[in-house]
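The structure file upload-v1.cif is reproduced below (mmCIF, C-alpha atoms).
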data_target
loop_
_atom_site.group_PDB
_atom_site.id
_atom_site.type_symbol
_atom_site.label_atom_id
_atom_site.label_comp_id
_atom_site.auth_asym_id
_atom_site.auth_seq_id
_atom_site.Cartn_x
_atom_site.Cartn_y
_atom_site.Cartn_z
ATOM 1 C CA MET A 66 -25.920 -32.167 -33.480
ATOM 2 C CA GLY A 67 -26.800 -28.471 -33.167
ATOM 3 C CA ALA A 68 -24.745 -25.954 -31.247
ATOM 4 C CA ILE A 69 -24.864 -26.266 -27.465
ATOM 5 C CA LEU A 70 -23.695 -22.656 -27.179
ATOM 6 C CA ARG A 71 -23.822 -19.995 -29.872
ATOM 7 C CA VAL A 72 -22.585 -16.460 -29.331
ATOM 8 C CA GLU A 73 -23.611 -13.972 -32.022
ATOM 9 C CA GLY A 74 -22.041 -10.516 -32.228
ATOM 10 C CA ALA A 75 -21.840 -10.165 -28.448
ATOM 11 C CA LYS A 76 -21.123 -6.636 -27.255
ATOM 12 C CA ALA A 77 -21.018 -5.634 -23.600
ATOM 13 C CA ARG A 78 -20.147 -2.397 -21.851
ATOM 14 C CA TYR A 79 -19.312 -1.172 -18.381
ATOM 15 C CA GLY A 80 -20.165 2.484 -18.762
ATOM 16 C CA LYS A 81 -18.013 3.714 -21.652
ATOM 17 C CA LEU A 82 -15.712 0.693 -21.529
ATOM 18 C CA GLU A 83 -16.384 -1.894 -24.237
ATOM 19 C CA ALA A 84 -15.732 -5.242 -22.571
ATOM 20 C CA LEU A 85 -16.884 -7.346 -25.540
ATOM 21 C CA ARG A 86 -16.693 -6.130 -29.129
ATOM 22 C CA GLY A 87 -18.756 -8.294 -31.430
ATOM 23 C CA VAL A 88 -17.642 -11.745 -30.271
ATOM 24 C CA SER A 89 -19.101 -14.648 -32.263
ATOM 25 C CA PHE A 90 -18.489 -18.405 -32.085
ATOM 26 C CA GLU A 91 -20.315 -21.730 -31.798
ATOM 27 C CA VAL A 92 -19.663 -24.722 -29.556
ATOM 28 C CA GLU A 93 -21.203 -27.967 -30.745
ATOM 29 C CA GLY A 94 -19.696 -30.138 -28.027
ATOM 30 C CA GLY A 95 -16.463 -31.216 -26.383
ATOM 31 C CA ALA A 96 -14.201 -28.874 -24.436
ATOM 32 C CA VAL A 97 -13.312 -25.362 -25.581
ATOM 33 C CA GLY A 98 -10.546 -23.308 -23.987
ATOM 34 C CA LEU A 99 -11.159 -19.629 -23.282
ATOM 35 C CA LEU A 100 -7.896 -17.683 -23.284
ATOM 36 C CA GLY A 101 -6.873 -14.058 -23.084
ATOM 37 C CA PRO A 102 -4.843 -11.627 -20.986
ATOM 38 C CA ASN A 103 -6.273 -9.810 -17.978
ATOM 39 C CA GLY A 104 -9.059 -7.536 -19.161
ATOM 40 C CA ALA A 105 -9.621 -9.491 -22.374
ATOM 41 C CA GLY A 106 -13.314 -10.056 -21.669
ATOM 42 C CA LYS A 107 -13.282 -13.681 -20.465
ATOM 43 C CA SER A 108 -15.139 -13.004 -17.215
ATOM 44 C CA THR A 109 -17.589 -10.731 -19.002
ATOM 45 C CA LEU A 110 -18.348 -13.445 -21.526
ATOM 46 C CA ILE A 111 -18.929 -16.010 -18.765
ATOM 47 C CA LYS A 112 -21.272 -13.608 -16.941
ATOM 48 C CA ALA A 113 -23.186 -13.033 -20.156
ATOM 49 C CA VAL A 114 -23.599 -16.770 -20.784
ATOM 50 C CA LEU A 115 -24.816 -17.206 -17.196
ATOM 51 C CA GLY A 116 -27.390 -14.463 -17.713
ATOM 52 C CA LEU A 117 -25.772 -12.246 -15.072
ATOM 53 C CA LEU A 118 -24.865 -9.461 -17.491
ATOM 54 C CA PRO A 119 -27.176 -8.216 -20.265
ATOM 55 C CA LEU A 120 -25.552 -7.676 -23.646
ATOM 56 C CA ALA A 121 -25.576 -4.227 -25.212
ATOM 57 C CA GLN A 122 -25.868 -5.959 -28.578
ATOM 58 C CA GLY A 123 -25.925 -9.498 -29.932
ATOM 59 C CA ARG A 124 -27.408 -12.738 -28.674
ATOM 60 C CA ILE A 125 -26.451 -15.888 -26.836
ATOM 61 C CA TRP A 126 -28.206 -19.137 -27.676
ATOM 62 C CA LEU A 127 -28.260 -22.226 -25.466
ATOM 63 C CA MET A 128 -29.290 -25.463 -27.167
ATOM 64 C CA GLY A 129 -31.063 -23.493 -29.861
ATOM 65 C CA GLU A 130 -32.981 -21.147 -27.564
ATOM 66 C CA ASP A 131 -32.418 -17.472 -26.918
ATOM 67 C CA ALA A 132 -30.802 -17.277 -23.461
ATOM 68 C CA ARG A 133 -32.640 -14.031 -22.710
ATOM 69 C CA LYS A 134 -35.970 -15.846 -22.862
ATOM 70 C CA LEU A 135 -34.998 -18.823 -20.718
ATOM 71 C CA GLY A 136 -35.209 -17.022 -17.391
ATOM 72 C CA PRO A 137 -34.735 -19.407 -14.427
ATOM 73 C CA ALA A 138 -34.656 -22.361 -16.869
ATOM 74 C CA LEU A 139 -31.156 -21.237 -17.847
ATOM 75 C CA ARG A 140 -29.901 -22.658 -14.524
ATOM 76 C CA ASP A 141 -31.104 -26.106 -15.592
ATOM 77 C CA ARG A 142 -28.824 -26.083 -18.630
ATOM 78 C CA VAL A 143 -25.626 -24.511 -17.335
ATOM 79 C CA GLY A 144 -23.234 -25.455 -14.524
ATOM 80 C CA TYR A 145 -20.601 -23.051 -13.206
ATOM 81 C CA VAL A 146 -17.294 -23.572 -11.407
ATOM 82 C CA PRO A 147 -16.314 -20.093 -10.130
ATOM 83 C CA GLU A 148 -12.715 -19.033 -9.641
ATOM 84 C CA ARG A 149 -13.332 -17.670 -6.153
ATOM 85 C CA GLU A 150 -14.681 -19.617 -3.222
ATOM 86 C CA GLY A 151 -18.399 -20.164 -3.440
ATOM 87 C CA THR A 152 -19.252 -22.087 -0.287
ATOM 88 C CA ARG A 153 -20.992 -21.330 2.994
ATOM 89 C CA PRO A 154 -19.084 -22.097 6.236
ATOM 90 C CA GLY A 155 -20.919 -24.322 8.682
ATOM 91 C CA MET A 156 -22.420 -26.565 6.027
ATOM 92 C CA SER A 157 -21.180 -30.034 5.134
ATOM 93 C CA GLY A 158 -20.104 -30.772 1.600
ATOM 94 C CA VAL A 159 -23.186 -32.853 0.860
ATOM 95 C CA ALA A 160 -25.518 -30.268 2.405
ATOM 96 C CA TRP A 161 -23.960 -27.485 0.331
ATOM 97 C CA VAL A 162 -24.153 -29.379 -2.963
ATOM 98 C CA ALA A 163 -27.734 -30.504 -2.225
ATOM 99 C CA PHE A 164 -28.684 -26.892 -1.427
ATOM 100 C CA LEU A 165 -27.366 -25.745 -4.807
ATOM 101 C CA GLY A 166 -29.228 -28.602 -6.451
ATOM 102 C CA GLU A 167 -32.467 -27.313 -4.959
ATOM 103 C CA ILE A 168 -31.700 -23.773 -6.134
ATOM 104 C CA SER A 169 -31.246 -25.232 -9.627
ATOM 105 C CA GLY A 170 -34.745 -26.674 -9.489
ATOM 106 C CA LEU A 171 -34.322 -30.218 -8.162
ATOM 107 C CA PRO A 172 -36.767 -31.551 -5.566
ATOM 108 C CA ARG A 173 -35.187 -31.938 -2.102
ATOM 109 C CA SER A 174 -34.905 -35.729 -2.214
ATOM 110 C CA ALA A 175 -33.459 -35.730 -5.738
ATOM 111 C CA ALA A 176 -30.970 -32.975 -4.807
ATOM 112 C CA VAL A 177 -29.666 -34.970 -1.835
ATOM 113 C CA GLU A 178 -29.358 -38.143 -3.900
ATOM 114 C CA ARG A 179 -27.506 -36.341 -6.678
ATOM 115 C CA ALA A 180 -25.245 -34.582 -4.157
ATOM 116 C CA HIS A 181 -24.022 -37.950 -2.877
ATOM 117 C CA GLU A 182 -23.478 -39.179 -6.440
ATOM 118 C CA VAL A 183 -21.466 -36.219 -7.709
ATOM 119 C CA LEU A 184 -19.356 -35.953 -4.551
ATOM 120 C CA GLN A 185 -18.446 -39.611 -4.960
ATOM 121 C CA TYR A 186 -17.655 -38.951 -8.618
ATOM 122 C CA VAL A 187 -15.212 -36.101 -7.894
ATOM 123 C CA GLY A 188 -13.445 -38.067 -5.144
ATOM 124 C CA LEU A 189 -15.024 -36.462 -2.070
ATOM 125 C CA GLY A 190 -17.225 -39.371 -1.025
ATOM 126 C CA GLU A 191 -15.373 -39.947 2.246
ATOM 127 C CA SER A 192 -15.307 -36.216 3.062
ATOM 128 C CA ARG A 193 -18.869 -35.306 2.170
ATOM 129 C CA TYR A 194 -20.027 -34.942 5.792
ATOM 130 C CA ARG A 195 -17.161 -32.619 6.776
ATOM 131 C CA ASN A 196 -17.813 -28.888 6.947
ATOM 132 C CA VAL A 197 -16.691 -27.147 3.800
ATOM 133 C CA GLU A 198 -14.386 -24.708 5.620
ATOM 134 C CA THR A 199 -12.188 -27.667 6.636
ATOM 135 C CA TYR A 200 -11.550 -28.611 2.998
ATOM 136 C CA SER A 201 -8.149 -28.016 1.436
ATOM 137 C CA THR A 202 -7.827 -25.849 -1.694
ATOM 138 C CA GLY A 203 -7.880 -28.902 -3.915
ATOM 139 C CA MET A 204 -10.952 -30.270 -2.161
ATOM 140 C CA GLN A 205 -12.680 -26.910 -2.550
ATOM 141 C CA GLN A 206 -12.075 -27.069 -6.292
ATOM 142 C CA ARG A 207 -13.556 -30.573 -6.454
ATOM 143 C CA LEU A 208 -16.516 -29.413 -4.361
ATOM 144 C CA LYS A 209 -17.233 -26.595 -6.789
ATOM 145 C CA LEU A 210 -17.080 -29.053 -9.685
ATOM 146 C CA ALA A 211 -19.528 -31.352 -7.890
ATOM 147 C CA ALA A 212 -21.887 -28.414 -7.282
ATOM 148 C CA SER A 213 -21.767 -27.507 -10.974
ATOM 149 C CA LEU A 214 -22.814 -31.036 -11.921
ATOM 150 C CA VAL A 215 -25.529 -31.714 -9.352
ATOM 151 C CA HIS A 216 -28.394 -30.729 -11.680
ATOM 152 C CA ASP A 217 -26.864 -32.568 -14.680
ATOM 153 C CA PRO A 218 -26.358 -29.568 -17.009
ATOM 154 C CA ALA A 219 -25.430 -29.908 -20.676
ATOM 155 C CA LEU A 220 -22.912 -27.038 -20.516
ATOM 156 C CA VAL A 221 -20.362 -26.462 -17.736
ATOM 157 C CA LEU A 222 -18.383 -23.214 -17.432
ATOM 158 C CA LEU A 223 -15.119 -23.622 -15.522
ATOM 159 C CA ASP A 224 -13.148 -20.585 -14.353
ATOM 160 C CA GLU A 225 -9.599 -21.579 -13.308
ATOM 161 C CA PRO A 226 -10.629 -25.091 -12.137
ATOM 162 C CA THR A 227 -7.069 -26.174 -11.240
ATOM 163 C CA ALA A 228 -6.052 -22.985 -9.395
ATOM 164 C CA GLY A 229 -4.134 -23.731 -6.197
ATOM 165 C CA MET A 230 -3.996 -27.473 -6.784
ATOM 166 C CA ASP A 231 -0.853 -29.573 -6.427
ATOM 167 C CA PRO A 232 0.378 -31.468 -9.531
ATOM 168 C CA VAL A 233 -1.417 -34.689 -8.604
ATOM 169 C CA GLY A 234 -4.685 -32.908 -7.858
ATOM 170 C CA ARG A 235 -4.377 -30.908 -11.079
ATOM 171 C CA GLU A 236 -3.978 -34.065 -13.155
ATOM 172 C CA GLU A 237 -6.955 -35.653 -11.414
ATOM 173 C CA MET A 238 -9.090 -32.583 -12.093
ATOM 174 C CA LEU A 239 -8.099 -32.627 -15.769
ATOM 175 C CA ASP A 240 -8.919 -36.340 -15.909
ATOM 176 C CA LEU A 241 -12.386 -35.528 -14.545
ATOM 177 C CA CYS A 242 -12.837 -32.842 -17.191
ATOM 178 C CA GLY A 243 -11.832 -35.289 -19.898
ATOM 179 C CA ASP A 244 -14.242 -37.878 -18.522
ATOM 180 C CA LEU A 245 -17.084 -35.361 -18.540
ATOM 181 C CA VAL A 246 -16.429 -34.691 -22.222
ATOM 182 C CA ARG A 247 -16.520 -38.421 -22.938
ATOM 183 C CA GLN A 248 -19.869 -38.559 -21.138
ATOM 184 C CA GLY A 249 -21.220 -35.960 -23.536
ATOM 185 C CA LYS A 250 -20.865 -32.789 -21.459
ATOM 186 C CA THR A 251 -19.788 -29.574 -23.138
ATOM 187 C CA LEU A 252 -17.123 -27.573 -21.287
ATOM 188 C CA LEU A 253 -15.977 -23.966 -21.632
ATOM 189 C CA LEU A 254 -12.684 -23.784 -19.758
ATOM 190 C CA SER A 255 -11.203 -20.415 -18.794
ATOM 191 C CA THR A 256 -7.695 -20.785 -17.410
ATOM 192 C CA HIS A 257 -4.259 -19.158 -17.313
ATOM 193 C CA ILE A 258 -2.581 -22.594 -17.502
ATOM 194 C CA LEU A 259 -2.263 -23.257 -21.222
ATOM 195 C CA LYS A 260 -1.116 -26.833 -20.616
ATOM 196 C CA ASP A 261 -4.579 -27.497 -19.144
ATOM 197 C CA VAL A 262 -6.150 -26.343 -22.392
ATOM 198 C CA GLU A 263 -3.829 -28.538 -24.440
ATOM 199 C CA ALA A 264 -4.653 -31.514 -22.187
ATOM 200 C CA VAL A 265 -8.445 -31.195 -22.289
ATOM 201 C CA CYS A 266 -9.681 -28.930 -25.073
ATOM 202 C CA SER A 267 -10.198 -29.635 -28.752
ATOM 203 C CA ARG A 268 -10.828 -25.979 -29.655
ATOM 204 C CA VAL A 269 -9.720 -22.623 -28.325
ATOM 205 C CA VAL A 270 -11.215 -19.111 -28.234
ATOM 206 C CA ILE A 271 -8.684 -16.304 -27.801
ATOM 207 C CA LEU A 272 -9.868 -12.881 -26.664
ATOM 208 C CA ASN A 273 -7.931 -9.646 -26.361
ATOM 209 C CA ARG A 274 -9.376 -6.264 -25.385
ATOM 210 C CA GLY A 275 -12.885 -7.546 -25.952
ATOM 211 C CA GLU A 276 -12.246 -8.826 -29.471
ATOM 212 C CA MET A 277 -11.898 -12.426 -30.619
ATOM 213 C CA LEU A 278 -8.490 -13.039 -32.139
ATOM 214 C CA SER A 279 -8.983 -16.667 -33.023
ATOM 215 C CA TYR A 280 -11.378 -19.591 -32.812
ATOM 216 C CA ALA A 281 -9.895 -22.825 -34.111
ATOM 217 C CA THR A 282 -9.081 -26.382 -33.198
ATOM 218 C CA VAL A 283 -6.014 -26.675 -30.984
ATOM 219 C CA GLU A 284 -4.424 -29.050 -33.494
ATOM 220 C CA ASP A 285 -5.010 -26.814 -36.509
ATOM 221 C CA TRP A 286 -3.917 -23.694 -34.686
ATOM 222 C CA THR A 287 -0.646 -25.192 -33.428
ATOM 223 C CA ARG A 288 0.062 -26.441 -36.938
ATOM 224 C CA SER A 289 -0.888 -23.246 -38.751
ATOM 225 C CA GLU A 290 2.414 -21.495 -38.225
ATOM 226 C CA ALA A 291 5.979 -22.345 -39.287
ATOM 227 C CA GLN A 292 6.755 -26.046 -39.272
ATOM 228 C CA HIS A 293 9.465 -27.265 -36.902
ATOM 229 C CA PHE A 294 11.370 -30.496 -37.569
ATOM 230 C CA LEU A 295 14.178 -32.518 -36.052
ATOM 231 C CA VAL A 296 16.355 -33.802 -38.903
ATOM 232 C CA GLN A 297 19.060 -36.461 -38.514
ATOM 233 C CA TRP A 298 21.604 -35.839 -41.227
ATOM 234 C CA GLU A 299 24.423 -38.004 -42.575
ATOM 235 C CA GLY A 300 26.835 -36.149 -44.767
ATOM 236 C CA ASP A 301 28.847 -32.955 -44.943
ATOM 237 C CA ARG A 302 27.633 -30.661 -42.161
ATOM 238 C CA GLU A 303 28.741 -27.409 -43.758
ATOM 239 C CA ALA A 304 27.206 -28.352 -47.105
ATOM 240 C CA PHE A 305 23.786 -29.023 -45.503
ATOM 241 C CA GLU A 306 23.833 -25.793 -43.508
ATOM 242 C CA ALA A 307 24.866 -23.815 -46.599
ATOM 243 C CA ALA A 308 22.059 -25.374 -48.669
ATOM 244 C CA CYS A 309 19.515 -24.444 -45.971
ATOM 245 C CA ARG A 310 20.709 -20.851 -45.763
ATOM 246 C CA LYS A 311 20.657 -20.518 -49.544
ATOM 247 C CA ALA A 312 17.020 -21.686 -49.605
ATOM 248 C CA GLY A 313 16.046 -19.358 -46.751
ATOM 249 C CA VAL A 314 15.320 -22.247 -44.392
ATOM 250 C CA ALA A 315 16.211 -21.695 -40.733
ATOM 251 C CA VAL A 316 18.553 -24.351 -39.336
ATOM 252 C CA SER A 317 20.240 -24.660 -35.936
ATOM 253 C CA ASP A 318 22.239 -26.970 -33.691
ATOM 254 C CA GLY A 319 23.734 -29.775 -35.793
ATOM 255 C CA HIS A 320 25.378 -31.628 -32.893
ATOM 256 C CA ARG A 321 26.112 -35.161 -34.061
ATOM 257 C CA GLY A 322 24.145 -34.502 -37.218
ATOM 258 C CA LEU A 323 20.846 -33.643 -35.450
ATOM 259 C CA TYR A 324 19.386 -30.359 -36.713
ATOM 260 C CA ARG A 325 16.355 -28.252 -35.938
ATOM 261 C CA VAL A 326 14.903 -27.093 -39.245
ATOM 262 C CA VAL A 327 12.054 -24.579 -39.582
ATOM 263 C CA LEU A 328 10.029 -24.502 -42.793
ATOM 264 C CA PRO A 329 7.737 -21.593 -43.588
ATOM 265 C CA SER A 330 4.012 -22.300 -43.342
ATOM 266 C CA GLY A 331 2.753 -24.110 -46.435
ATOM 267 C CA GLU A 332 6.108 -25.522 -47.507
ATOM 268 C CA SER A 333 6.271 -29.231 -48.261
ATOM 269 C CA LEU A 334 8.587 -31.764 -46.645
ATOM 270 C CA LYS A 335 10.029 -32.237 -50.121
ATOM 271 C CA VAL A 336 12.045 -29.087 -49.439
ATOM 272 C CA ILE A 337 14.097 -30.858 -46.756
ATOM 273 C CA PHE A 338 14.780 -33.883 -48.953
ATOM 274 C CA GLY A 339 15.669 -31.570 -51.848
ATOM 275 C CA LEU A 340 18.199 -29.776 -49.636
ATOM 276 C CA ALA A 341 19.661 -33.118 -48.583
ATOM 277 C CA GLN A 342 20.105 -34.129 -52.210
ATOM 278 C CA GLU A 343 21.686 -30.802 -53.069
ATOM 279 C CA ALA A 344 24.134 -31.158 -50.144
ATOM 280 C CA GLY A 345 25.063 -34.691 -51.190
ATOM 281 C CA GLY A 346 23.920 -36.437 -47.989
ATOM 282 C CA THR A 347 21.028 -38.429 -46.535
ATOM 283 C CA VAL A 348 18.186 -37.697 -44.104
ATOM 284 C CA THR A 349 17.961 -40.750 -41.824
ATOM 285 C CA ARG A 350 15.363 -39.425 -39.388
ATOM 286 C CA LEU A 351 12.674 -36.760 -39.631
ATOM 287 C CA VAL A 352 10.384 -35.836 -36.704
ATOM 288 C CA ARG A 353 7.919 -32.972 -36.589
ATOM 289 C CA GLU A 354 8.008 -30.863 -33.412
ATOM 290 C CA SER A 355 4.696 -29.425 -32.284
ATOM 291 C CA THR A 356 4.518 -25.708 -31.620
ATOM 292 C CA SER A 357 3.266 -25.080 -28.093
ATOM 293 C CA LEU A 358 -0.057 -23.347 -27.556
ATOM 294 C CA GLU A 359 1.692 -20.895 -25.235
ATOM 295 C CA THR A 360 4.110 -19.817 -27.971
ATOM 296 C CA LEU A 361 1.298 -19.202 -30.440
ATOM 297 C CA PHE A 362 -0.873 -17.476 -27.843
ATOM 298 C CA LEU A 363 1.843 -14.962 -27.013
ATOM 299 C CA LYS A 364 2.554 -14.428 -30.704
ATOM 300 C CA ALA A 365 -1.137 -13.768 -31.390
ATOM 301 C CA LEU A 366 -1.221 -11.131 -28.658
ATOM 302 C CA GLU A 367 1.933 -9.496 -29.970
ATOM 303 C CA GLN A 368 0.484 -9.298 -33.485
ATOM 304 C CA ASN A 369 -2.757 -7.782 -32.208
ATOM 305 C CA GLY A 370 -1.631 -4.968 -30.008
ATOM 306 C CA GLY A 371 -0.034 -6.845 -27.141
ATOM 307 C CA GLY A 372 -1.493 -6.480 -23.667
ATOM 308 C CA ASP A 373 -0.728 -8.094 -20.353
ATOM 309 C CA ALA A 374 0.679 -11.528 -21.206
ATOM 310 C CA ARG A 375 -0.933 -13.088 -18.180
ATOM 311 C CA VAL A 376 -4.088 -14.965 -19.039
#

Can the structure in the file be given as structure tokens, please?
Amino acid sequence: MGAILRVEGAKARYGKLEALRGVSFEVEGGAVGLLGPNGAGKSTLIKAVLGLLPLAQGRIWLMGEDARKLGPALRDRVGYVPEREGTRPGMSGVAWVAFLGEISGLPRSAAVERAHEVLQYVGLGESRYRNVETYSTGMQQRLKLAASLVHDPALVLLDEPTAGMDPVGREEMLDLCGDLVRQGKTLLLSTHILKDVEAVCSRVVILNRGEMLSYATVEDWTRSEAQHFLVQWEGDREAFEAACRKAGVAVSDGHRGLYRVVLPSGESLKVIFGLAQEAGGTVTRLVRESTSLETLFLKALEQNGGGDARV
């Protein structure tokens, strides 16, 4: 399958300010997280994909076609869940979603039919005739998701889709995102909640000051740094700790023989078993601890000039 979204050398400016500095990546499908501190260029990139901001240099391709040449047809291919409220008071949920369906090019009857379908899908079927201003924050988020899906786009851009939601609503929204991916939708998810990215996304784009710091799978990226293990040890405690220090391997805790051991990137597990042999004891349990995306995200920012840690 070809790329659903391809960004090539994207540069964007606001006056003299460079908001994007040669950003390039491809999305072939699934869900991709878009991370970065305030001012990193996330919103600028979303505006560029939506055709709302012309690039100073570079191109954006949607399903193999130059986005600049799509014109109004771009709306057929992309759905958008904005961070801020995007509804009109005085309209019912179904009327609002149907209205946006018509703007996206659907005939009136098809827009109304699809509005009922997507509102049912996001869990607002019983509330679809209520005026949108009576909706709670969580319901507003679901309404925006429904509106982004009404015209059945291939690509959906989500800007803080779980903002303001309670834990139950947040989990339900993430479940919907996961279901959309299973249905074949492609998602670009911009959020400050890194757990949301870990729950839904298979890849992550990290921006800082307009530049792309990383584009990798979540799994590979969280495993690309030092390797963290829980090691259950039977034997002389001091001998094991001394062997680790001698080999330059970080070791901590040790309560009841359970240690946290950190191997440098690229080192084999054989190192731990070699240390155990040297110390004259036995490793009875070995569990790898995953490095959190948040830890690696903050480290990436620190290594590349820092910035506001809020994403």

- prompt: Applied to this file, what does the PyMOL selection byres ((chain A and resi 188-201) around 8) return in terms of residues, put as JSON, numbers by chain?
  reply: {"A": [152, 153, 154, 155, 156, 157, 158, 159, 160, 181, 184, 185, 186, 187, 202, 203, 204, 205, 207, 208]}

#### Entry: Close residues, Lys209 in chain A itself excluded, 6 Å, only C-alpha atoms, min 3 positions apart in chain, as a PyMOL selection string
chain A and resi 146+206+212

Using the chain letters and numbers from the file, which residues does the PyMOL selection byres ((chain A and resi 88) around 12) grab, as a PDB file with C-alpha atoms, in the coordinates of the input?
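Writing done, so here's expr33.pdb:
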ATOM      1  CA  ARG A  71     -23.822 -19.995 -29.872  1.00  0.00           C
ATOM      2  CA  VAL A  72     -22.585 -16.460 -29.331  1.00  0.00           C
ATOM      3  CA  GLU A  73     -23.611 -13.972 -32.022  1.00  0.00           C
ATOM      4  CA  GLY A  74     -22.041 -10.516 -32.228  1.00  0.00           C
ATOM      5  CA  ALA A  75     -21.840 -10.165 -28.448  1.00  0.00           C
ATOM      6  CA  LYS A  76     -21.123  -6.636 -27.255  1.00  0.00           C
ATOM      7  CA  ALA A  77     -21.018  -5.634 -23.600  1.00  0.00           C
ATOM      8  CA  GLU A  83     -16.384  -1.894 -24.237  1.00  0.00           C
ATOM      9  CA  ALA A  84     -15.732  -5.242 -22.571  1.00  0.00           C
ATOM     10  CA  LEU A  85     -16.884  -7.346 -25.540  1.00  0.00           C
ATOM     11  CA  ARG A  86     -16.693  -6.130 -29.129  1.00  0.00           C
ATOM     12  CA  GLY A  87     -18.756  -8.294 -31.430  1.00  0.00           C
ATOM     13  CA  SER A  89     -19.101 -14.648 -32.263  1.00  0.00           C
ATOM     14  CA  PHE A  90     -18.489 -18.405 -32.085  1.00  0.00           C
ATOM     15  CA  GLU A  91     -20.315 -21.730 -31.798  1.00  0.00           C
ATOM     16  CA  ALA A 105      -9.621  -9.491 -22.374  1.00  0.00           C
ATOM     17  CA  GLY A 106     -13.314 -10.056 -21.669  1.00  0.00           C
ATOM     18  CA  LYS A 107     -13.282 -13.681 -20.465  1.00  0.00           C
ATOM     19  CA  THR A 109     -17.589 -10.731 -19.002  1.00  0.00           C
ATOM     20  CA  LEU A 110     -18.348 -13.445 -21.526  1.00  0.00           C
ATOM     21  CA  ALA A 113     -23.186 -13.033 -20.156  1.00  0.00           C
ATOM     22  CA  LEU A 120     -25.552  -7.676 -23.646  1.00  0.00           C
ATOM     23  CA  GLN A 122     -25.868  -5.959 -28.578  1.00  0.00           C
ATOM     24  CA  GLY A 123     -25.925  -9.498 -29.932  1.00  0.00           C
ATOM     25  CA  ARG A 124     -27.408 -12.738 -28.674  1.00  0.00           C
ATOM     26  CA  ILE A 125     -26.451 -15.888 -26.836  1.00  0.00           C
ATOM     27  CA  VAL A 270     -11.215 -19.111 -28.234  1.00  0.00           C
ATOM     28  CA  ILE A 271      -8.684 -16.304 -27.801  1.00  0.00           C
ATOM     29  CA  LEU A 272      -9.868 -12.881 -26.664  1.00  0.00           C
ATOM     30  CA  ASN A 273      -7.931  -9.646 -26.361  1.00  0.00           C
ATOM     31  CA  ARG A 274      -9.376  -6.264 -25.385  1.00  0.00           C
ATOM     32  CA  GLY A 275     -12.885  -7.546 -25.952  1.00  0.00           C
ATOM     33  CA  GLU A 276     -12.246  -8.826 -29.471  1.00  0.00           C
ATOM     34  CA  MET A 277     -11.898 -12.426 -30.619  1.00  0.00           C
ATOM     35  CA  LEU A 278      -8.490 -13.039 -32.139  1.00  0.00           C
ATOM     36  CA  SER A 279      -8.983 -16.667 -33.023  1.00  0.00           C
ATOM     37  CA  TYR A 280     -11.378 -19.591 -32.812  1.00  0.00           C
TER      38      TYR A 280
END

Please write the residues picked by the PyMOL selection byres ((chain A and resi 252) around 12) on this file as a CSV table (one decimal) with C-alpha atoms, in the coordinates of the input.
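So part.csv came out as:
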chain,number,residue,atom,x,y,z
A,69,ILE,CA,-24.9,-26.3,-27.5
A,70,LEU,CA,-23.7,-22.7,-27.2
A,92,VAL,CA,-19.7,-24.7,-29.6
A,93,GLU,CA,-21.2,-28.0,-30.7
A,94,GLY,CA,-19.7,-30.1,-28.0
A,95,GLY,CA,-16.5,-31.2,-26.4
A,96,ALA,CA,-14.2,-28.9,-24.4
A,97,VAL,CA,-13.3,-25.4,-25.6
A,98,GLY,CA,-10.5,-23.3,-24.0
A,99,LEU,CA,-11.2,-19.6,-23.3
A,111,ILE,CA,-18.9,-16.0,-18.8
A,143,VAL,CA,-25.6,-24.5,-17.3
A,144,GLY,CA,-23.2,-25.5,-14.5
A,145,TYR,CA,-20.6,-23.1,-13.2
A,146,VAL,CA,-17.3,-23.6,-11.4
A,210,LEU,CA,-17.1,-29.1,-9.7
A,213,SER,CA,-21.8,-27.5,-11.0
A,214,LEU,CA,-22.8,-31.0,-11.9
A,218,PRO,CA,-26.4,-29.6,-17.0
A,219,ALA,CA,-25.4,-29.9,-20.7
A,220,LEU,CA,-22.9,-27.0,-20.5
A,221,VAL,CA,-20.4,-26.5,-17.7
A,222,LEU,CA,-18.4,-23.2,-17.4
A,223,LEU,CA,-15.1,-23.6,-15.5
A,224,ASP,CA,-13.1,-20.6,-14.4
A,226,PRO,CA,-10.6,-25.1,-12.1
A,239,LEU,CA,-8.1,-32.6,-15.8
A,241,LEU,CA,-12.4,-35.5,-14.5
A,242,CYS,CA,-12.8,-32.8,-17.2
A,243,GLY,CA,-11.8,-35.3,-19.9
A,244,ASP,CA,-14.2,-37.9,-18.5
A,245,LEU,CA,-17.1,-35.4,-18.5
A,246,VAL,CA,-16.4,-34.7,-22.2
A,247,ARG,CA,-16.5,-38.4,-22.9
A,248,GLN,CA,-19.9,-38.6,-21.1
A,249,GLY,CA,-21.2,-36.0,-23.5
A,250,LYS,CA,-20.9,-32.8,-21.5
A,251,THR,CA,-19.8,-29.6,-23.1
A,253,LEU,CA,-16.0,-24.0,-21.6
A,254,LEU,CA,-12.7,-23.8,-19.8
A,255,SER,CA,-11.2,-20.4,-18.8
A,262,VAL,CA,-6.2,-26.3,-22.4
A,265,VAL,CA,-8.4,-31.2,-22.3
A,266,CYS,CA,-9.7,-28.9,-25.1
A,267,SER,CA,-10.2,-29.6,-28.8
A,268,ARG,CA,-10.8,-26.0,-29.7
A,269,VAL,CA,-9.7,-22.6,-28.3

note - CA of Glu284 in chain A and CA of Ala264 in chain A are separated by 11.6 Å

Which residue out of A:Tyr79, A:Gly170, A:Leu334, A:Thr256 has the minimum interatomic distance to Pro147 in chain A when all atoms listed in the file are used?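 Smallest separation from Pro147 in chain A among the options: A:Thr256.
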
Determine, counting only C-alpha atoms, which protein, DNA and RNA residues have an atom within 8 Å of an atom of Gly116 in chain A; residues of the same chain fewer than 4 positions away are not included. Present the result as a PyMOL selection string. chain A and resi 112+132-133+139
